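Trainee: Sharing a structure with you now.
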Amino acid sequence: MLFGRKKEDDIDLEEPKRSADKIIFNELEDDDHLALNLVRELKNGCPLIINFSKLNEIECNKMIAFFQGAAVALDGKALRIDADIYLFARKEDLLDGSVREFVKDLKKA
């Protein structure tokens, strides 16, 4: 509808208001194609929480470096949540505070 009141049955197609609503969780295996797709999602504004526990030490270091490099290239950050779990997010996805609050609550659980 262009002008006037919104009908009750009109669908609201707005994107989620909070960045935390767009978080993608993944338990990564040594899969370069999946890693590339996840970085595309990061680039499109979806913060990533990735569990690297299924990888051996060399694979883990390679993947963490890859995701950390992508986050930095997007003017973002990487945050270690646990021994094998990391958050990667763009700076603008951290501005509303919802992702940091989600991680804080996750650490309490």
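Going by the structure tokens order, chains are called A, B, ..., each with residues numbered from 1, while ligands are numbered from 1 in the order shown.
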Can you list, as a PyMOL selection string, every protein, DNA or RNA residue that comes within 9 Å of Ile23 in chain A when you count only C-alpha atoms, leaving out same-chain residues fewer than 2 positions away?
Mentor: chain A and resi 19-21+25+45-49+99
Trainee: Output C-alpha atoms for every residue in the selection just made, as a PDB file, in the first residue's frame.
Mentor:
ATOM      1  CA  SER A  19      21.638  -7.579  15.740  1.00  0.00           C
ATOM      2  CA  ALA A  20      21.333 -10.468  18.206  1.00  0.00           C
ATOM      3  CA  ASP A  21      18.271 -11.655  16.279  1.00  0.00           C
ATOM      4  CA  PHE A  25      25.460 -20.452  15.176  1.00  0.00           C
ATOM      5  CA  GLY A  45      25.289  -8.285   8.693  1.00  0.00           C
ATOM      6  CA  CYS A  46      24.830 -11.579  10.509  1.00  0.00           C
ATOM      7  CA  PRO A  47      27.118 -11.980  13.533  1.00  0.00           C
ATOM      8  CA  LEU A  48      28.621 -15.461  13.829  1.00  0.00           C
ATOM      9  CA  ILE A  49      29.098 -17.644  16.882  1.00  0.00           C
ATOM     10  CA  VAL A  99      25.018  -9.042  20.674  1.00  0.00           C
TER      11      VAL A  99
END
Trainee: Using backbone DSSP assignments, extract all alpha helix (DSSP H) residues from range 55-88 of chain A; output them as a CSV table (one decimal) with N, CA and C atoms, in the first residue's frame.
Mentor:
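Dumped everything to result_20.csv:
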chain,number,residue,atom,x,y,z
A,57,GLU,N,44.1,-28.9,16.1
A,57,GLU,CA,44.7,-27.7,16.4
A,57,GLU,C,45.1,-26.9,15.1
A,58,ILE,N,45.7,-27.5,14.1
A,58,ILE,CA,46.1,-26.8,12.9
A,58,ILE,C,44.9,-26.3,12.2
A,59,GLU,N,43.8,-27.1,12.0
A,59,GLU,CA,42.6,-26.7,11.3
A,59,GLU,C,42.0,-25.5,12.0
A,60,CYS,N,41.9,-25.7,13.4
A,60,CYS,CA,41.3,-24.6,14.2
A,60,CYS,C,42.0,-23.3,14.0
A,61,ASN,N,43.3,-23.3,14.1
A,61,ASN,CA,44.1,-22.1,14.0
A,61,ASN,C,43.9,-21.4,12.6
A,62,LYS,N,43.8,-22.3,11.6
A,62,LYS,CA,43.6,-21.8,10.2
A,62,LYS,C,42.2,-21.1,10.1
A,63,MET,N,41.2,-21.8,10.6
A,63,MET,CA,39.8,-21.2,10.5
A,63,MET,C,39.7,-20.0,11.4
A,64,ILE,N,40.2,-20.0,12.6
A,64,ILE,CA,40.1,-18.8,13.4
A,64,ILE,C,40.8,-17.6,12.7
A,65,ALA,N,42.0,-17.8,12.2
A,65,ALA,CA,42.7,-16.8,11.4
A,65,ALA,C,41.9,-16.3,10.3
A,66,PHE,N,41.2,-17.2,9.5
A,66,PHE,CA,40.4,-16.8,8.4
A,66,PHE,C,39.2,-15.9,8.8
A,67,PHE,N,38.5,-16.4,9.9
A,67,PHE,CA,37.3,-15.6,10.3
A,67,PHE,C,37.7,-14.3,11.0
A,68,GLN,N,38.8,-14.3,11.7
A,68,GLN,CA,39.3,-13.1,12.3
A,68,GLN,C,39.7,-12.1,11.3
A,69,GLY,N,40.4,-12.5,10.3
A,69,GLY,CA,40.8,-11.7,9.2
A,69,GLY,C,39.6,-11.1,8.4
A,70,ALA,N,38.6,-11.9,8.2
A,70,ALA,CA,37.4,-11.4,7.6
A,70,ALA,C,36.7,-10.3,8.5
A,71,ALA,N,36.6,-10.6,9.8
A,71,ALA,CA,36.0,-9.6,10.7
A,71,ALA,C,36.7,-8.3,10.7
A,72,VAL,N,38.1,-8.4,10.7
A,72,VAL,CA,38.9,-7.1,10.8
A,72,VAL,C,38.7,-6.4,9.4
A,73,ALA,N,38.7,-7.1,8.3
A,73,ALA,CA,38.6,-6.5,7.0
A,73,ALA,C,37.2,-5.8,6.9
Trainee: What does the structure give for the distance between CA of Leu38 in chain A and CA of Lys77 in chain A, in Å to one decimal?
Mentor: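 Computed distance, CA of Leu38 in chain A to CA of Lys77 in chain A, equals 15.1 Å.
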Trainee: Would you pick out the contacts of Asn37 in chain A at 12 Å or less, using only C-alpha atoms, so that residues sharing its chain but fewer than 2 positions from it are not included, and give the list as a PyMOL selection string?
Mentor: chain A and resi 24+26+28+31-35+39-44+46+48+67+70
Trainee: How would the residues just picked look written out with N, CA and C atoms as a PDB file, in the first residue's frame?
Mentor:
ATOM      1  N   ILE A  24      24.154 -16.175  13.660  1.00  0.00           N
ATOM      2  CA  ILE A  24      24.211 -17.517  13.077  1.00  0.00           C
ATOM      3  C   ILE A  24      25.150 -18.355  13.949  1.00  0.00           C
ATOM      4  N   ASN A  26      27.180 -22.010  14.463  1.00  0.00           N
ATOM      5  CA  ASN A  26      27.674 -23.116  13.664  1.00  0.00           C
ATOM      6  C   ASN A  26      28.757 -23.868  14.418  1.00  0.00           C
ATOM      7  N   LEU A  28      31.652 -25.765  13.399  1.00  0.00           N
ATOM      8  CA  LEU A  28      32.396 -25.864  12.152  1.00  0.00           C
ATOM      9  C   LEU A  28      33.225 -27.126  12.063  1.00  0.00           C
ATOM     10  N   ASP A  31      35.708 -27.362   6.471  1.00  0.00           N
ATOM     11  CA  ASP A  31      34.969 -27.205   5.220  1.00  0.00           C
ATOM     12  C   ASP A  31      35.155 -25.768   4.742  1.00  0.00           C
ATOM     13  N   ASP A  32      36.040 -25.582   3.780  1.00  0.00           N
ATOM     14  CA  ASP A  32      36.347 -24.240   3.292  1.00  0.00           C
ATOM     15  C   ASP A  32      35.145 -23.567   2.635  1.00  0.00           C
ATOM     16  N   HIS A  33      34.301 -24.344   1.960  1.00  0.00           N
ATOM     17  CA  HIS A  33      33.119 -23.766   1.305  1.00  0.00           C
ATOM     18  C   HIS A  33      32.130 -23.236   2.339  1.00  0.00           C
ATOM     19  N   LEU A  34      31.914 -23.994   3.390  1.00  0.00           N
ATOM     20  CA  LEU A  34      31.034 -23.534   4.465  1.00  0.00           C
ATOM     21  C   LEU A  34      31.616 -22.286   5.117  1.00  0.00           C
ATOM     22  N   ALA A  35      32.919 -22.276   5.358  1.00  0.00           N
ATOM     23  CA  ALA A  35      33.564 -21.107   5.967  1.00  0.00           C
ATOM     24  C   ALA A  35      33.370 -19.876   5.086  1.00  0.00           C
ATOM     25  N   VAL A  39      31.337 -16.393   6.027  1.00  0.00           N
ATOM     26  CA  VAL A  39      31.911 -15.050   5.906  1.00  0.00           C
ATOM     27  C   VAL A  39      31.000 -14.162   5.057  1.00  0.00           C
ATOM     28  N   ARG A  40      30.378 -14.722   4.047  1.00  0.00           N
ATOM     29  CA  ARG A  40      29.394 -13.940   3.263  1.00  0.00           C
ATOM     30  C   ARG A  40      28.246 -13.485   4.141  1.00  0.00           C
ATOM     31  N   GLU A  41      27.787 -14.359   5.028  1.00  0.00           N
ATOM     32  CA  GLU A  41      26.712 -13.981   5.953  1.00  0.00           C
ATOM     33  C   GLU A  41      27.182 -12.879   6.905  1.00  0.00           C
ATOM     34  N   LEU A  42      28.420 -12.992   7.375  1.00  0.00           N
ATOM     35  CA  LEU A  42      29.000 -11.956   8.227  1.00  0.00           C
ATOM     36  C   LEU A  42      29.026 -10.626   7.485  1.00  0.00           C
ATOM     37  N   LYS A  43      29.444 -10.658   6.247  1.00  0.00           N
ATOM     38  CA  LYS A  43      29.497  -9.459   5.407  1.00  0.00           C
ATOM     39  C   LYS A  43      28.107  -8.849   5.236  1.00  0.00           C
ATOM     40  N   ASN A  44      27.082  -9.695   5.198  1.00  0.00           N
ATOM     41  CA  ASN A  44      25.705  -9.234   5.034  1.00  0.00           C
ATOM     42  C   ASN A  44      25.051  -8.810   6.346  1.00  0.00           C
ATOM     43  N   CYS A  46      25.206 -10.552   9.542  1.00  0.00           N
ATOM     44  CA  CYS A  46      24.830 -11.579  10.509  1.00  0.00           C
ATOM     45  C   CYS A  46      26.049 -11.932  11.368  1.00  0.00           C
ATOM     46  N   LEU A  48      28.398 -14.013  13.796  1.00  0.00           N
ATOM     47  CA  LEU A  48      28.621 -15.461  13.829  1.00  0.00           C
ATOM     48  C   LEU A  48      29.110 -15.893  15.198  1.00  0.00           C
ATOM     49  N   PHE A  67      38.474 -16.362   9.858  1.00  0.00           N
ATOM     50  CA  PHE A  67      37.313 -15.591  10.317  1.00  0.00           C
ATOM     51  C   PHE A  67      37.733 -14.273  10.965  1.00  0.00           C
ATOM     52  N   ALA A  70      38.604 -11.880   8.236  1.00  0.00           N
ATOM     53  CA  ALA A  70      37.385 -11.377   7.588  1.00  0.00           C
ATOM     54  C   ALA A  70      36.704 -10.324   8.460  1.00  0.00           C
TER      55      ALA A  70
END
Trainee: What are the DSSP strand (DSSP E) residues of chain A, as a PyMOL selection string?
Mentor: chain A and resi 24-27+48-51+76-80+85-90
Trainee: Give the answer as one residue: which of A:Leu94, A:Phe102, A:Ile50, A:Leu55 has the shortest atom-to-atom distance to Asp82 in chain A, using only C-alpha atoms?
Mentor: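 Closest residue, counting only C-alpha atoms: A:Ile50.
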Trainee: Find the residue from A:Lys107, A:Lys17, A:Lys54, A:Asp75 that sits nearest to Lys91 in chain A; use only C-alpha atoms when measuring.
Mentor: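 Answer, going by the shortest atom-to-atom distance: A:Asp75.
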Trainee: Kindly give the distance, in Å, that separates CA of Lys104 in chain A and CA of Asp84 in chain A, rounded to a single decimal.
Mentor: 16.4 Å
Trainee: Point out the residue among A:Glu92, A:Lys22, A:Leu74, A:Ile85 with the least atom-to-atom distance to Leu106 in chain A, counting only C-alpha atoms.
Mentor: A:Ile85
